[in-house]
Structures are given as C-alpha cells and as structure tokens.
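The data block below is data.txt; it holds compact mmCIF, C-alpha atoms.
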# COMPACT_ATOMS: atom_id res chain seq x y z
CA MET A 240 0.03 25.05 22.02
CA THR A 241 -3.25 26.83 21.56
CA ALA A 242 -6.58 25.18 20.90
CA VAL A 243 -6.43 25.92 17.20
CA PRO A 244 -7.94 23.09 15.14
CA ARG A 245 -5.23 21.04 13.51
CA ARG A 246 -6.81 21.29 10.10
CA ALA A 247 -8.41 24.05 8.13
CA PRO A 248 -11.98 23.33 6.99
CA SER A 249 -10.76 22.70 3.45
CA ASP A 250 -8.35 20.08 4.77
CA ARG A 251 -11.13 18.42 6.73
CA ARG A 252 -13.21 18.24 3.59
CA ALA A 253 -10.26 16.65 1.82
CA VAL A 254 -9.87 14.02 4.56
CA LEU A 255 -13.57 13.25 4.39
CA ALA A 256 -13.49 12.96 0.60
CA ALA A 257 -10.51 10.59 0.76
CA ALA A 258 -12.17 8.50 3.49
CA GLN A 259 -15.37 8.31 1.45
CA ALA A 260 -13.38 7.24 -1.60
CA ALA A 261 -11.71 4.49 0.44
CA LEU A 262 -15.09 3.39 1.79
CA ALA A 263 -16.58 3.29 -1.71
CA ALA A 264 -13.59 1.23 -2.88
CA GLU A 265 -13.99 -1.22 0.01
CA HIS A 266 -17.69 -1.60 -0.88
CA ALA A 267 -16.65 -2.39 -4.43
CA THR A 268 -13.95 -4.78 -3.24
CA VAL A 269 -16.37 -6.67 -0.99
CA TYR A 270 -18.69 -7.00 -3.97
CA GLY A 271 -15.80 -8.12 -6.16
CA TYR A 272 -14.72 -10.81 -3.74
CA GLY A 273 -18.25 -12.17 -3.93
CA VAL A 274 -17.54 -12.83 -7.59
CA VAL A 275 -14.03 -14.14 -6.83
CA GLY A 276 -15.39 -16.58 -4.23
CA ALA A 277 -17.98 -17.89 -6.63
CA ARG A 278 -15.45 -18.52 -9.43
CA ALA A 279 -12.21 -19.41 -7.63
CA ASP A 280 -11.21 -23.06 -7.60
CA ASP A 281 -11.39 -25.05 -4.38
CA ALA A 282 -7.75 -24.49 -3.48
CA ARG A 283 -8.29 -20.74 -3.23
CA THR A 284 -11.83 -20.31 -1.88
CA GLY A 285 -10.46 -20.21 1.67
CA GLU A 286 -8.16 -17.36 0.70
CA ALA A 287 -11.05 -15.56 -1.01
CA GLN A 288 -13.25 -15.97 2.05
CA GLU A 289 -10.51 -14.67 4.32
CA ALA A 290 -10.00 -11.62 2.11
CA TYR A 291 -13.75 -11.05 1.93
CA ASP A 292 -14.01 -11.03 5.72
CA ALA A 293 -11.00 -8.74 6.10
CA HIS A 294 -12.43 -6.24 3.60
CA ARG A 295 -15.80 -6.24 5.35
CA ALA A 296 -13.99 -5.35 8.57
CA ARG A 297 -12.08 -2.54 6.85
CA ARG A 298 -15.30 -1.30 5.28
CA ASP A 299 -16.95 -1.16 8.70
CA ALA A 300 -13.96 0.67 10.19
CA LEU A 301 -14.10 3.22 7.36
CA THR A 302 -17.84 3.65 7.89
CA ARG A 303 -17.08 4.63 11.48
CA ALA A 304 -14.22 6.88 10.39
CA VAL A 305 -16.50 8.77 7.96
CA ARG A 306 -19.07 9.27 10.73
CA ASP A 307 -16.32 10.49 13.08
CA LEU A 308 -15.40 13.04 10.43
CA GLY A 309 -19.00 14.24 10.38
CA GLY A 310 -19.90 12.64 7.07
CA GLU A 311 -22.73 10.42 5.92
CA PRO A 312 -21.05 7.14 4.94
CA GLU A 313 -21.12 6.30 1.27
CA ALA A 314 -23.54 3.41 0.69
CA ALA A 315 -22.75 0.37 -1.39
CA ALA A 316 -24.20 0.11 -4.86
CA ALA A 317 -26.51 -2.79 -5.65
CA ALA A 318 -24.04 -3.98 -8.27
CA TYR A 319 -20.74 -2.98 -9.82
CA ALA A 320 -19.44 -3.38 -13.33
CA LEU A 321 -16.45 -5.70 -13.42
CA PRO A 322 -13.31 -4.58 -15.26
CA PHE A 323 -13.38 -7.75 -17.38
CA PRO A 324 -15.55 -10.87 -17.67
CA VAL A 325 -14.92 -13.34 -14.86
CA SER A 326 -16.01 -16.71 -16.14
CA ASP A 327 -13.37 -19.05 -14.76
CA ALA A 328 -10.95 -19.55 -11.88
CA ALA A 329 -8.01 -17.87 -13.62
CA ALA A 330 -10.06 -14.74 -14.25
CA ALA A 331 -11.21 -14.81 -10.62
CA VAL A 332 -7.59 -14.70 -9.46
CA ARG A 333 -6.87 -11.83 -11.87
CA LEU A 334 -9.89 -9.95 -10.54
CA ALA A 335 -8.76 -10.43 -6.92
CA ALA A 336 -5.30 -9.04 -7.74
CA GLU A 337 -6.86 -6.12 -9.61
CA LEU A 338 -9.22 -5.33 -6.72
CA GLU A 339 -6.29 -5.17 -4.32
CA ARG A 340 -4.18 -3.02 -6.65
CA ARG A 341 -6.96 -0.45 -7.03
CA LEU A 342 -7.66 -0.44 -3.35
CA ALA A 343 -3.98 0.17 -2.60
CA ALA A 344 -4.13 3.41 -4.62
CA VAL A 345 -7.14 4.68 -2.69
CA TYR A 346 -5.48 3.92 0.63
CA ALA A 347 -2.29 5.68 -0.48
CA ASP A 348 -4.38 8.79 -1.15
CA LEU A 349 -6.00 8.51 2.26
CA VAL A 350 -2.55 8.24 3.89
CA GLY A 351 -1.62 11.55 2.27
CA ALA A 352 -4.88 13.30 3.14
CA SER A 353 -5.18 12.21 6.76
CA ASP A 354 -3.07 12.09 9.89
CA GLY A 355 -3.03 10.36 13.26
CA GLY A 356 -5.03 7.18 13.70
CA LEU A 357 -6.75 7.39 10.34
CA ARG A 358 -3.40 7.68 8.55
CA ALA A 359 -2.12 4.63 10.43
CA GLU A 360 -5.26 2.72 9.50
CA ALA A 361 -4.93 3.73 5.86
CA ALA A 362 -1.28 2.61 5.85
CA ALA A 363 -2.33 -0.75 7.28
CA GLY A 364 -5.00 -1.04 4.59
CA LEU A 365 -2.39 -0.25 1.95
CA ARG A 366 0.02 -2.84 3.34
CA GLU A 367 -2.62 -5.57 3.45
CA ALA A 368 -3.75 -4.76 -0.08
CA ALA A 369 -0.16 -4.91 -1.35
CA VAL A 370 0.52 -8.27 0.30
CA ARG A 371 -2.76 -9.71 -0.97
CA ALA A 372 -2.08 -8.44 -4.49
CA VAL A 373 1.24 -10.31 -4.37
CA ARG A 374 -0.45 -13.44 -3.03
CA TRP A 375 -2.92 -13.43 -5.89
CA SER A 376 -0.63 -12.38 -8.69
CA GLY A 377 2.70 -13.83 -7.55
CA GLY A 378 4.65 -10.70 -8.52
CA SER A 379 5.40 -7.50 -6.67
CA VAL A 380 5.49 -3.85 -7.72
CA ALA A 381 7.96 -1.25 -6.45
CA PHE A 382 5.38 1.33 -5.36
CA PRO A 383 2.02 -0.23 -4.41
CA GLY A 384 -0.76 2.33 -4.57
CA LEU A 385 1.30 4.93 -6.42
CA PRO A 386 0.40 4.45 -10.09
CA ASP A 387 2.17 7.73 -10.90
CA ARG A 388 5.47 6.03 -10.02
CA ALA A 389 4.75 2.70 -11.68
CA MET B 213 -22.68 -18.82 -0.92
CA PRO B 214 -22.25 -15.95 1.52
CA LEU B 215 -19.60 -14.37 -0.66
CA THR B 216 -22.23 -13.18 -3.07
CA THR B 217 -24.12 -11.15 -0.50
CA THR B 218 -24.41 -7.54 -1.47
CA THR B 219 -23.94 -5.40 1.54
CA ARG B 220 -25.14 -1.93 2.28
CA ALA B 221 -23.93 0.51 4.81
CA ALA B 222 -26.41 2.30 7.02
CA GLY B 223 -27.94 5.34 5.44
CA PRO B 224 -30.46 6.06 2.74
CA ALA B 225 -31.11 3.03 0.61
CA PRO B 226 -29.47 3.75 -2.71
CA GLY B 227 -32.00 1.81 -4.72
CA PRO B 228 -31.00 -0.43 -7.56
CA ARG B 229 -28.32 1.26 -9.54
CA ARG B 230 -25.22 0.22 -11.24
CA ARG B 231 -21.99 1.99 -10.62
CA SER B 232 -18.97 1.44 -12.68
CA VAL B 233 -16.49 1.84 -9.86
CA LEU B 234 -14.77 -1.33 -10.94
CA ALA B 235 -14.72 -0.52 -14.60
CA GLY B 236 -11.55 0.79 -16.13
CA GLY B 237 -13.01 4.21 -16.79
CA ALA B 238 -13.81 4.68 -13.13
CA ALA B 239 -10.22 4.81 -11.99
CA GLY B 240 -10.92 8.48 -11.50
CA LEU B 241 -13.53 7.73 -8.90
CA LEU B 242 -11.24 5.35 -7.08
CA ALA B 243 -8.54 7.98 -7.07
CA ALA B 244 -10.81 10.75 -5.87
CA GLY B 245 -8.50 11.64 -3.03
CA ALA B 246 -5.55 12.35 -5.26
CA PRO B 247 -5.89 16.12 -5.77
CA VAL B 248 -5.57 16.86 -2.05
CA LEU B 249 -2.08 15.47 -2.00
CA THR B 250 -0.49 18.40 -3.70
CA GLY B 251 -1.48 20.72 -0.90
CA CYS B 252 1.19 21.23 1.71
CA SER B 253 -0.15 22.13 5.11
CA SER B 254 2.78 24.12 6.41
CA GLY B 255 2.98 27.83 6.00
CA GLY B 256 4.79 30.88 7.31
CA ARG B 257 7.92 30.96 9.38
CA GLY B 258 8.02 27.20 10.04
CA ASP B 259 8.68 26.50 6.37
CA THR B 260 12.45 26.47 6.42
CA ARG B 261 12.56 24.22 9.44
CA ALA B 262 9.91 21.95 7.98
CA ALA B 263 11.88 21.68 4.76
CA GLY B 264 14.98 20.69 6.75
CA ASP B 265 13.00 18.08 8.67
CA GLU B 266 11.63 16.70 5.45
CA ARG B 267 15.09 16.52 3.88
CA ARG B 268 16.53 14.71 6.89
CA ALA B 269 13.58 12.32 7.03
CA ARG B 270 14.06 11.47 3.36
CA GLU B 271 17.76 10.97 3.85
CA ARG B 272 17.14 8.57 6.76
CA GLN B 273 14.77 6.56 4.58
CA ALA B 274 17.23 6.52 1.69
CA LEU B 275 19.90 5.19 4.05
CA ALA B 276 17.53 2.50 5.31
CA SER B 277 16.93 1.40 1.72
CA ALA B 278 20.68 1.46 1.01
CA GLU B 279 21.22 -0.76 4.05
CA LEU B 280 18.60 -3.15 2.73
CA LEU B 281 20.42 -3.18 -0.61
CA ARG B 282 23.57 -4.27 1.22
CA TRP B 283 21.55 -7.14 2.68
CA TYR B 284 20.46 -8.20 -0.79
CA ASP B 285 24.01 -7.96 -2.12
CA ALA B 286 25.47 -9.93 0.77
CA THR B 287 22.79 -12.60 0.35
CA LEU B 288 23.41 -12.77 -3.40
CA ALA B 289 27.15 -13.03 -2.83
CA ALA B 290 26.68 -15.92 -0.41
CA HIS B 291 23.94 -17.64 -2.43
CA PRO B 292 24.26 -16.91 -6.16
CA ASP B 293 21.60 -19.53 -6.88
CA LEU B 294 19.01 -17.24 -5.31
CA ALA B 295 19.59 -14.59 -7.99
CA PRO B 296 16.46 -15.30 -10.06
CA ARG B 297 14.34 -14.90 -6.96
CA LEU B 298 16.14 -11.94 -5.43
CA ALA B 299 17.01 -9.82 -8.46
CA PRO B 300 13.52 -8.35 -9.06
CA LEU B 301 13.11 -7.50 -5.39
CA ARG B 302 16.56 -5.95 -5.20
CA GLU B 303 15.72 -3.83 -8.21
CA GLU B 304 12.65 -2.48 -6.43
CA VAL B 305 14.68 -1.67 -3.32
CA ALA B 306 17.12 0.27 -5.53
CA ARG B 307 14.17 2.26 -6.88
CA HIS B 308 13.06 3.00 -3.32
CA THR B 309 16.48 4.40 -2.49
CA ALA B 310 16.29 6.75 -5.46
CA ALA B 311 12.70 7.77 -4.71
CA PHE B 312 13.65 9.10 -1.29
CA ARG B 313 16.38 11.22 -2.89
CA PRO B 314 14.52 12.88 -5.75
CA GLN B 315 17.05 15.57 -6.47
CA ALA B 316 20.22 13.55 -5.77
CA ALA B 317 19.11 10.49 -7.71
CA SER B 318 22.35 10.40 -9.65
CA PRO B 319 23.84 6.96 -10.15
CA ALA B 320 26.99 8.24 -8.49
CA SER B 321 25.54 8.10 -4.98
CA PRO B 322 25.68 4.79 -3.06
CA SER B 323 25.62 2.79 -6.28
CA PRO B 324 22.20 1.17 -6.33
CA GLU B 325 23.14 -1.01 -9.29
CA ALA B 326 26.45 -2.83 -9.08
CA PRO B 327 26.32 -5.45 -6.34
CA SER B 328 29.24 -4.58 -4.13
CA PRO B 329 31.27 -7.09 -2.14
CA THR B 330 30.10 -7.35 1.42
CA PRO B 331 31.75 -4.59 3.38
CA SER B 332 33.32 -5.65 6.61
CA GLY B 333 30.82 -5.29 9.42
CA GLY B 334 28.00 -5.77 6.95
CA PRO B 335 25.10 -8.19 7.25
CA SER B 336 26.06 -11.70 8.22
CA VAL B 337 24.21 -14.07 5.95
CA PRO B 338 23.29 -17.58 7.16
CA GLY B 339 24.89 -20.44 5.21
CA ASP B 340 21.61 -22.23 4.70
CA PRO B 341 19.68 -20.70 1.78
CA LYS B 342 16.33 -20.96 3.50
CA ALA B 343 17.70 -19.32 6.64
CA ALA B 344 19.32 -16.65 4.45
CA LEU B 345 15.94 -15.85 2.87
CA ALA B 346 14.33 -15.70 6.32
CA ALA B 347 17.03 -13.30 7.53
CA LEU B 348 16.50 -11.09 4.48
CA ALA B 349 12.75 -11.17 5.06
CA ASP B 350 13.38 -10.07 8.65
CA ALA B 351 15.46 -7.16 7.43
CA GLU B 352 12.64 -6.15 5.04
CA ARG B 353 10.10 -6.42 7.84
CA ARG B 354 12.16 -4.39 10.32
CA THR B 355 12.72 -1.66 7.75
CA ALA B 356 9.00 -1.58 6.87
CA GLU B 357 8.10 -1.27 10.55
CA ALA B 358 10.49 1.65 11.00
CA ARG B 359 8.95 3.37 7.96
CA THR B 360 5.47 2.83 9.38
CA ALA B 361 6.59 4.39 12.66
CA ALA B 362 7.90 7.41 10.75
CA LEU B 363 4.49 8.02 9.13
CA ALA B 364 3.05 10.06 11.97
CA SER B 365 5.42 13.00 11.58
CA ALA B 366 5.74 12.94 7.80
CA THR B 367 4.36 15.50 5.36
CA PRO B 368 1.45 14.26 3.20
CA GLN B 369 3.68 13.60 0.17
CA LEU B 370 6.36 11.79 2.13
CA ALA B 371 3.74 9.84 4.11
CA ARG B 372 2.24 8.54 0.89
CA LEU B 373 5.65 7.38 -0.33
CA LEU B 374 6.59 5.91 3.07
CA ALA B 375 3.37 3.92 3.31
CA SER B 376 3.79 2.61 -0.22
CA VAL B 377 7.40 1.57 0.30
CA ALA B 378 6.54 -0.02 3.66
CA ALA B 379 3.78 -1.97 1.90
CA ALA B 380 6.28 -3.08 -0.76
CA GLY B 381 8.61 -4.23 2.03
CA ALA B 382 5.83 -6.30 3.62
CA ALA B 383 5.10 -7.84 0.22
CA HIS B 384 8.82 -8.61 -0.25
CA ALA B 385 8.94 -10.32 3.15
CA TYR B 386 5.96 -12.39 2.08
CA LEU B 387 7.62 -13.40 -1.19
CA LEU B 388 10.98 -14.16 0.44
CA THR B 389 9.47 -16.59 2.90
CA GLY B 390 7.16 -18.21 0.38
CA GLY B 391 3.97 -17.10 2.03
CA GLU B 392 4.86 -17.90 5.62
CA ALA B 393 5.02 -14.23 6.56

If you took the structure in this file and wrote it as structure tokens, what would it be?
Amino acid sequence: MTAVPRRAPSDRRAVLAAAQAALAAEHATVYGYGVVGARADDARTGEAQEAYDAHRARRDALTRAVRDLGGEPEAAAAAYALPFPVSDAAAAVRLAAELERRLAAVYADLVGASDGGLRAEAAAGLREAAVRAVRWSGGSVAFPGLPDRA
Amino acid sequence: MPLTTTTRAAGPAPGPRRRSVLAGGAAGLLAAGAPVLTGCSSGGRGDTRAAGDERRARERQALASAELLRWYDATLAAHPDLAPRLAPLREEVARHTAAFRPQAASPASPSPEAPSPTPSGGPSVPGDPKAALAALADAERRTAEARTAALASATPQLARLLASVAAAGAAHAYLLTGGEA
C-alpha cells in the first residue's frame, strides 16, 4: 500500500459536513432534553436525566471528532424552536421520542459518510437513539434513521 | 434544574439567535449529510471485485435475517400466545431480509411471510415463555453485533443500512425483554 490518503478532499469535506450535522443535532437534542426534563412526570425524570447526560457525552465526542477532521465545531444555538408545544408530561415524552428519531437519521448519514472509528461511533449513536426512541414511544420502526425506507 | 442549562461548545460565541433545527421545516438541516451517500468511493479496475464483495456481504446479511425469522417462527410455534407481541417485530425482520436483497426481493425466495414449521435442527425454543423471549432477544442481539462488526468493510450505502438494521435489532432485544436489555 502506498501513502495515498484514504479519502479525496471532497470526501473529507463530506465527512466533516456530516459530523457537523451530527454535532448540531446533538446540541439540539441536549437542549430538547432540557425541556423534556422540566415537563416529564416524576417517574421518567431519571430517564430524561440519563439521556441528557448521554447526549452531552456524545456531543463532546463529536466536538472532538470535528476538530480531528480539521473543522471548527458547530456551536450550540441559544435556543431552538420545538416541533410542537410541550406543555405537559405526555408531550414531553413525545418530544423525547421525536428527538431520538431525528438524531438517528443524522447518525445514519454519518455512518455512510465516514469510516473507521468515526463510523463505529456513529453506528453506536444510531443504536442508542433507536433504543431510546423505543423506550419513549413503546413502538419500534423497521429502519431507524432511514426515513427514505420508512 | 440542570436539565435546562443551555450549553455551548468552544468557539466563537454565537450570540442570541434562534435556530429552527427542531422545527419540522428544518429536517433538511438535520439531514445535511444525506447527499454524500450517493457517492461511491470505488473506481477503476477494482469495481467488479467490489461489486462481488458487496453482493456477497448483502447475501450474508439476508441469510442472517432469514435465520432470525426462523427464530421468530419457532418461538411463535411454541408459544402462540406471544403472537401479539412478536408479530410486529417479525414483520420488521422480514423487511430487513428483503432490504438486503433489493433485486431478488421476490416473495418466492425464503418466504418471509408464511410462518414455516420449525425445520429440524432449527432453533430450540425454551418451554417457559419468558425464557423463550430472552432466547429470542439473545438471537437479535447476536445478529446485531455481527452486523456492527461488518460495518468496517461495507460500502457507504450498505453501511448505512447495516447500522440501521443493527439498531433495529438492539431495539427489538430491548422490547423482547421488557426493558431489561
């Protein structure tokens, strides 16, 4: 094997774009779980806290990944618009499931764009998002993260 | 409540602004990586070989899903009362089998629909329903782990599908064991 880079520059840009998209989505998810934690009923605040912590860890890992790719990590916004009003515990659970479903799609894209350790990390992010979506919603989907196959 | 903390990554302070990443219309932003997936990285003389590798990899995955289907069918045959719980998951596994065989997705191939009687040498299902669900969850988990291991050498398109189906398998295992996974 020669010392040829494994990816063409255009591919590297694509990996970086997908990693930035995943980072932006984790920022949004962390924000969203702030809302979930505030509205969820007592039985589920522990679950919300656990998910919040896990997403912060994934966000930090993606921040490092973007730097490793030579990018400037996408910053979090001060606030995000929610997909629907979240005024009670039932809506909080729906929001949590929705956050995980959207995140799964971004991780699926990162799996396709990347390889090696980043691909493995993205696959783990996708798996966790799919399991959490099921925990929140109670029902599964055949192809988590692939809305084109839904 | 610490959950409401708004966090910022290092870098230039963005200033107060409101992004609609979570709003329905922003699905495009969340899916920003999608266009890269159509690009295939191989080129030149390796193409034929790569195509053969891809075909064999897909076939292996289709067989793994078909094996999982046999697990579902054997479990359903031994425990018909579990049908309401298992049927939706089995249906998804049947869709996985077809997804790995895009061109040969004819209903003629290893019949994803009709539950077949347990073939001899097939899965041995525990007599206790709870143990049967745990065994099925194990089969889902093992299959998902094998798919995850296959990610490293997969083409971008196949990797995306593999990761999604592995994630579905992990979710199935969770549902089968009632959250103890």

Legend entry - Nearest to chain A, chosen from B:Thr389, B:Ser376, B:Thr287, B:Thr309, with all atoms listed in the file counted in the distances: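 Distance minimum relative to chain A lands on B:Ser376.
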
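The interatomic distance for the pair atom CA of Glu279 of chain B and atom CA of His291 of chain B works out to 18.3 Å.
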
List every residue of chain A that has an atom at most 7 Å from any atom of chain B, and for each one report the closest atom pair and its distance in Å to one decimal, counting only C-alpha atoms, with rows sorted by chain and then by increasing residue number, as CSV.
residue,atom,partner,partner_atom,distance
A:Ala253,CA,B:Val248,CA,6.1
A:Ala256,CA,B:Gly245,CA,6.3
A:Ala257,CA,B:Gly245,CA,4.4
A:Ala260,CA,B:Ala244,CA,6.1
A:Ala264,CA,B:Leu242,CA,6.3
A:Ala267,CA,B:Leu234,CA,6.9
A:Tyr270,CA,B:Thr218,CA,6.3
A:Tyr272,CA,B:Leu215,CA,6.8
A:Gly273,CA,B:Leu215,CA,4.2
A:Val274,CA,B:Thr216,CA,6.5
A:Gly276,CA,B:Leu215,CA,5.9
A:Ala314,CA,B:Ala221,CA,5.1
A:Ala315,CA,B:Arg220,CA,4.9
A:Ala316,CA,B:Arg229,CA,6.3
A:Ala317,CA,B:Pro228,CA,5.4
A:Ala318,CA,B:Arg230,CA,5.3
A:Tyr319,CA,B:Arg231,CA,5.2
A:Ala320,CA,B:Ser232,CA,4.9
A:Leu321,CA,B:Leu234,CA,5.3
A:Pro322,CA,B:Ala235,CA,4.3
A:Ala344,CA,B:Ala243,CA,6.8
A:Val345,CA,B:Ala243,CA,5.7
A:Ala347,CA,B:Arg372,CA,5.5
A:Asp348,CA,B:Gly245,CA,5.4
A:Leu349,CA,B:Gly245,CA,6.6
A:Val350,CA,B:Arg372,CA,5.7
A:Gly351,CA,B:Pro368,CA,4.2
A:Ala352,CA,B:Leu249,CA,6.2
A:Asp354,CA,B:Ala364,CA,6.8
A:Gly355,CA,B:Ala364,CA,6.2
A:Ala362,CA,B:Ala375,CA,5.5
A:Leu365,CA,B:Ala379,CA,6.4
A:Arg366,CA,B:Ala379,CA,4.1
A:Ala369,CA,B:Ala379,CA,5.9
A:Val370,CA,B:Ala383,CA,4.6
A:Val373,CA,B:Ala383,CA,6.5
A:Ser379,CA,B:Ala383,CA,6.9
A:Ala381,CA,B:Glu304,CA,4.8
A:Phe382,CA,B:Ser376,CA,5.5
A:Pro383,CA,B:Ser376,CA,5.4
A:Gly384,CA,B:Ser376,CA,6.3

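Every polymer residue reaching to within 10 Å of (-21.7, 9.9, 4.4), counting all atoms listed in the file, appears in this list: Leu255, Ala256, Ala258, Gln259, Leu262, Thr302, Arg303, Val305, Arg306, Leu308, Gly309, Gly310, Glu311, Pro312, Glu313 and Ala314 of chain A; Ala221, Ala222, Gly223 and Pro224 of chain B.
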
Inset, instruction - Using atom CA of Glu265 of chain A and atom CA of Ala300 of chain A as the two end points, give the distance in Å to one decimal. - result: 10.4 Å

To test the calculation: enclose all listed atoms of segment 264-268 of chain A in a box whose edges run along x, y and z, add 4 Å on each side, then state centre and edge lengths in Å to one decimal, as lines of an AutoDock Vina configuration file.
center_x = -15.6
center_y = -1.8
center_z = -2.2
size_x = 12.1
size_y = 14.0
size_z = 12.4
